[in-house]
Amino acid sequence: MTSRIKLSCRNLWKLYGAEPEAFLKKTEDPSGDDIHAAGLVGAVRNAHIDIAEGEIFVIMGLSGSGKSTLVRCLSRLIEPTGGEVIFDGVDLLRASEEELIDIRRHKMGMVFQHFALLPHLSVLQNVMFPLTIQAVSKPDAEVKAREVIELVGLKGREDNYPRELSGGQQQRVGIARSLVTEPDLWFLDEPFSALDPLIRREMQDEFLSLQARLHKTIVFITHDFEEAVRLADRIAIMKDGEVIQVATPEDLVLNPATDYVSEFTKHIPHSKVLTVGQLMNPDMVGEGEPLPRAARISEVAERVIAAEKPVPVMDEASNIIGAIDRMAIAHILFGGDVPA
């Protein structure tokens, strides 16, 4: 990856139980059996990840896999047992409490599954709250809060209270509140899982639209692989506190590193993970409005199948780089070979 690394961890551990630090010091790279025999619980075990600037990095796994604990260790909301967490070149595990407070107030934003809005405050006041803590003047805080409220699509709701909003609207307030300080790094822990499916899809669309404008570095937790495929640049799969594989959604489905990852991803249709760029023919000439090469097959299949001739494909600079035809789509939808 050529982008600058924004956040990374090395040899990161979180063990629960009696004297876990002493156990780590005397036991080099302990196995799950070693940890269990010592009467400890390995919530995060020897995690290594690098997250690039501007990347949407999704962490996923089943309940109890350690994904939420890992994110809280990365933000040091939970104190890791050992290892390193490097944010913009600073080891957060060596940072003082004052330095951590400053980093969280000005450089990190967090959104959790439960909205945690202050019920006695209006939408505007909830969004202004982090700026109030930063001692930003009330006029400046209000201007900034109104800008972010409009950004998340809640203009006109500034004076409403949380009880007067739908679940999706409340989550938008939570997102606006986390964005108002303009964080460099944004943590989202299953932010849409409590929402109805249609609202959830709408919030995913809104999230992608926000990211296209803001280019934040995002660590996003979910247990829903379809959600991860829609949102992620890369995905980390966790099991029993370990990071099993880190890869693009396509690589996870097509090249699983373990049987567990294969089982985890086997029910995802290839059309939802493969892109136009992976199936296009660079020597083929197309007609009509071009498709972006990053588009998922599931998103464009109907249009390509309905077209009488191949459809051109363009890169990020709008250069035509080939075309895709209905036969390529049909192979994926109806059971053909998957490209290597």
# chains A, B, ... in the order shown; residues from 1 in each chain; ligands from 1
$ select_by_dssp --residues "stretch 220-334 of chain A" --states "alpha helix (DSSP H)" --output "count of residues only"
42
$ residues_around --residues "stretch 275-283 of chain A" --least-positions-apart "3" --cutoff "12 Å" --atoms "only C-alpha atoms" --output "ChimeraX atom specification"
/A:229-230,248-251,270-272,286,290-301,304,310-316,319-332,336-340
$ residues_around --residues "stretch 257-268 of chain A" --least-positions-apart "2" --cutoff "9 Å" --atoms "only C-alpha atoms" --output "VMD selection string"
chain A and resid 61 225 to 226 237 239 244 to 245 252 to 255 270 to 273
$ write_last_selection --atoms "C-alpha atoms" --output "tab-separated table (two decimals), in the first residue's frame"
chain	number	residue	atom	x	y	z
A	61	GLY	CA	-15.96	-11.33	13.22
A	225	PHE	CA	-20.21	-9.23	5.64
A	226	GLU	CA	-22.49	-7.68	3.03
A	237	ILE	CA	-11.32	-11.00	9.95
A	239	LYS	CA	-11.48	-15.11	15.53
A	244	ILE	CA	-6.83	-14.16	10.86
A	245	GLN	CA	-6.60	-12.33	7.52
A	252	LEU	CA	-11.19	-12.60	1.12
A	253	VAL	CA	-13.86	-14.27	-0.99
A	254	LEU	CA	-11.62	-15.55	-3.78
A	255	ASN	CA	-8.47	-16.33	-1.76
A	270	HIS	CA	-19.42	-13.27	-6.25
A	271	SER	CA	-21.43	-10.56	-8.00
A	272	LYS	CA	-21.39	-8.55	-4.78
A	273	VAL	CA	-17.60	-8.56	-4.43
$ closest_residue --among "A:Arg157, A:Leu62, A:Glu242, A:His106" --to "A:Asp224" --atoms "only C-alpha atoms"
A:Leu62
$ closest_atom_pairs --of "stretch 179-228 of chain A" --to "stretch 55-59 of chain A" --cutoff "6 Å" --atoms "only C-alpha atoms" --output "Markdown table"
| residue | atom | partner | partner_atom | distance |
| --- | --- | --- | --- | --- |
| A:Thr217 | CA | A:Glu55 | CA | 5.1 |
| A:Ile218 | CA | A:Ile56 | CA | 4.7 |
| A:Val219 | CA | A:Phe57 | CA | 4.9 |
| A:Phe220 | CA | A:Val58 | CA | 4.6 |
| A:Ile221 | CA | A:Ile59 | CA | 4.9 |
$ write_last_selection --atoms "C-alpha atoms" --output "mmCIF file, in the first residue's frame"
data_model
loop_
_atom_site.group_PDB
_atom_site.id
_atom_site.type_symbol
_atom_site.label_atom_id
_atom_site.label_comp_id
_atom_site.auth_asym_id
_atom_site.auth_seq_id
_atom_site.Cartn_x
_atom_site.Cartn_y
_atom_site.Cartn_z
ATOM 1 C CA THR A 217 -9.395 7.479 7.885
ATOM 2 C CA ILE A 218 -12.080 5.139 9.184
ATOM 3 C CA VAL A 219 -12.050 2.037 11.361
ATOM 4 C CA PHE A 220 -15.482 0.433 11.040
ATOM 5 C CA ILE A 221 -16.729 -2.599 12.993
#
$ atom_distance --atom1 "atom CA of A:Asp196" --atom2 "atom CA of A:Pro162"
17.6 Å
$ closest_residue --among "A:Leu165, A:Val243, A:Arg200, A:Asp102" --to "A:Pro183" --atoms "only C-alpha atoms"
A:Asp102
$ atom_distance --atom1 "atom CA of A:Gly54" --atom2 "atom CA of A:Leu214"
8.9 Å
$ closest_residue --among "A:Ser75, A:Ser63, A:Gln125, A:Ser193" --to "A:Val173" --atoms "only C-alpha atoms"
A:Gln125
$ residues_around --residues "A:Arg76" --least-positions-apart "3" --cutoff "10 Å" --atoms "only C-alpha atoms" --output "PyMOL selection string"
chain A and resi 69-73+79-80+85+92-93+100+104
$ select_by_dssp --residues "stretch 105-152 of chain A" --states "strand (DSSP E or B)" --output "ChimeraX atom specification"
/A:108-112
$ closest_residue --among "A:Lys138, A:Gly174, A:Ala22, A:Glu84" --to "A:Asp50" --atoms "only C-alpha atoms"
A:Glu84
$ atom_distance --atom1 "atom CA of A:Gln170" --atom2 "atom CA of A:Ala141"
20.0 Å
$ closest_residue --among "A:Ile175, A:Ile49, A:Val180, A:Met238" --to "A:Asp140" --atoms "only C-alpha atoms"
A:Val180
$ residues_around --residues "A:Asn11" --least-positions-apart "4" --cutoff "10 Å" --atoms "only C-alpha atoms" --output "PyMOL selection string"
chain A and resi 29+44-49+82-85
$ closest_residue --among "A:Leu151, A:Ala18, A:Met108, A:Val41" --to "A:Phe207" --atoms "only C-alpha atoms"
A:Leu151
$ residues_around --residues "A:Leu179" --least-positions-apart "2" --cutoff "10 Å" --atoms "only C-alpha atoms" --output "PyMOL selection string"
chain A and resi 108-111+127+130+145+148-149+151-152+173-177+181-186+214+216
$ write_last_selection --atoms "N, CA and C atoms" --output "PDB file, in the first residue's frame"
ATOM      1  N   MET A 108      -9.680  12.428  16.986  1.00  0.00           N
ATOM      2  CA  MET A 108     -10.449  11.188  16.896  1.00  0.00           C
ATOM      3  C   MET A 108     -11.930  11.475  17.036  1.00  0.00           C
ATOM      4  N   GLY A 109     -12.720  10.774  16.227  1.00  0.00           N
ATOM      5  CA  GLY A 109     -14.171  10.798  16.378  1.00  0.00           C
ATOM      6  C   GLY A 109     -14.658   9.377  16.585  1.00  0.00           C
ATOM      7  N   MET A 110     -15.725   9.219  17.348  1.00  0.00           N
ATOM      8  CA  MET A 110     -16.223   7.877  17.668  1.00  0.00           C
ATOM      9  C   MET A 110     -17.739   7.850  17.571  1.00  0.00           C
ATOM     10  N   VAL A 111     -18.253   6.773  16.939  1.00  0.00           N
ATOM     11  CA  VAL A 111     -19.690   6.547  16.847  1.00  0.00           C
ATOM     12  C   VAL A 111     -19.937   5.095  17.223  1.00  0.00           C
ATOM     13  N   VAL A 127     -24.946  18.296  18.854  1.00  0.00           N
ATOM     14  CA  VAL A 127     -23.830  18.362  17.910  1.00  0.00           C
ATOM     15  C   VAL A 127     -22.785  19.369  18.382  1.00  0.00           C
ATOM     16  N   PRO A 130     -19.329  18.575  21.724  1.00  0.00           N
ATOM     17  CA  PRO A 130     -17.871  18.401  21.739  1.00  0.00           C
ATOM     18  C   PRO A 130     -17.113  19.721  21.609  1.00  0.00           C
ATOM     19  N   ALA A 145     -21.586  23.578  13.914  1.00  0.00           N
ATOM     20  CA  ALA A 145     -22.570  22.521  14.124  1.00  0.00           C
ATOM     21  C   ALA A 145     -23.648  22.548  13.054  1.00  0.00           C
ATOM     22  N   VAL A 148     -22.364  20.920   9.857  1.00  0.00           N
ATOM     23  CA  VAL A 148     -22.288  19.462   9.897  1.00  0.00           C
ATOM     24  C   VAL A 148     -23.688  18.843   9.900  1.00  0.00           C
ATOM     25  N   ILE A 149     -24.626  19.480  10.561  1.00  0.00           N
ATOM     26  CA  ILE A 149     -26.008  18.994  10.543  1.00  0.00           C
ATOM     27  C   ILE A 149     -26.548  18.977   9.118  1.00  0.00           C
ATOM     28  N   LEU A 151     -24.674  18.693   6.489  1.00  0.00           N
ATOM     29  CA  LEU A 151     -23.883  17.681   5.796  1.00  0.00           C
ATOM     30  C   LEU A 151     -24.509  16.296   5.930  1.00  0.00           C
ATOM     31  N   VAL A 152     -25.057  15.982   7.105  1.00  0.00           N
ATOM     32  CA  VAL A 152     -25.644  14.655   7.314  1.00  0.00           C
ATOM     33  C   VAL A 152     -27.135  14.616   6.984  1.00  0.00           C
ATOM     34  N   VAL A 173     -27.443  12.221  13.941  1.00  0.00           N
ATOM     35  CA  VAL A 173     -26.993  13.189  14.948  1.00  0.00           C
ATOM     36  C   VAL A 173     -25.695  12.710  15.586  1.00  0.00           C
ATOM     37  N   GLY A 174     -25.630  11.417  15.898  1.00  0.00           N
ATOM     38  CA  GLY A 174     -24.401  10.865  16.457  1.00  0.00           C
ATOM     39  C   GLY A 174     -23.224  11.018  15.516  1.00  0.00           C
ATOM     40  N   ILE A 175     -23.462  10.801  14.227  1.00  0.00           N
ATOM     41  CA  ILE A 175     -22.402  10.970  13.235  1.00  0.00           C
ATOM     42  C   ILE A 175     -21.984  12.434  13.148  1.00  0.00           C
ATOM     43  N   ALA A 176     -22.962  13.334  13.128  1.00  0.00           N
ATOM     44  CA  ALA A 176     -22.650  14.765  13.068  1.00  0.00           C
ATOM     45  C   ALA A 176     -21.842  15.195  14.288  1.00  0.00           C
ATOM     46  N   ARG A 177     -22.217  14.696  15.449  1.00  0.00           N
ATOM     47  CA  ARG A 177     -21.506  15.062  16.680  1.00  0.00           C
ATOM     48  C   ARG A 177     -20.051  14.589  16.627  1.00  0.00           C
ATOM     49  N   THR A 181     -15.794  18.041  15.243  1.00  0.00           N
ATOM     50  CA  THR A 181     -14.428  18.438  15.618  1.00  0.00           C
ATOM     51  C   THR A 181     -13.427  18.184  14.495  1.00  0.00           C
ATOM     52  N   GLU A 182     -13.931  17.724  13.335  1.00  0.00           N
ATOM     53  CA  GLU A 182     -13.096  17.441  12.164  1.00  0.00           C
ATOM     54  C   GLU A 182     -11.964  16.463  12.499  1.00  0.00           C
ATOM     55  N   PRO A 183     -12.306  15.270  12.988  1.00  0.00           N
ATOM     56  CA  PRO A 183     -11.272  14.306  13.381  1.00  0.00           C
ATOM     57  C   PRO A 183     -10.485  13.779  12.192  1.00  0.00           C
ATOM     58  N   ASP A 184      -9.230  13.436  12.435  1.00  0.00           N
ATOM     59  CA  ASP A 184      -8.422  12.784  11.407  1.00  0.00           C
ATOM     60  C   ASP A 184      -8.762  11.305  11.304  1.00  0.00           C
ATOM     61  N   LEU A 185      -9.146  10.723  12.439  1.00  0.00           N
ATOM     62  CA  LEU A 185      -9.403   9.287  12.530  1.00  0.00           C
ATOM     63  C   LEU A 185     -10.789   9.082  13.129  1.00  0.00           C
ATOM     64  N   TRP A 186     -11.560   8.192  12.497  1.00  0.00           N
ATOM     65  CA  TRP A 186     -12.968   8.032  12.850  1.00  0.00           C
ATOM     66  C   TRP A 186     -13.234   6.577  13.174  1.00  0.00           C
ATOM     67  N   LEU A 214     -15.237  13.791   2.489  1.00  0.00           N
ATOM     68  CA  LEU A 214     -14.385  14.120   3.628  1.00  0.00           C
ATOM     69  C   LEU A 214     -13.056  13.384   3.646  1.00  0.00           C
ATOM     70  N   LYS A 216     -11.935  10.696   5.246  1.00  0.00           N
ATOM     71  CA  LYS A 216     -11.446  10.380   6.584  1.00  0.00           C
ATOM     72  C   LYS A 216     -10.745   9.015   6.592  1.00  0.00           C
TER      73      LYS A 216
END
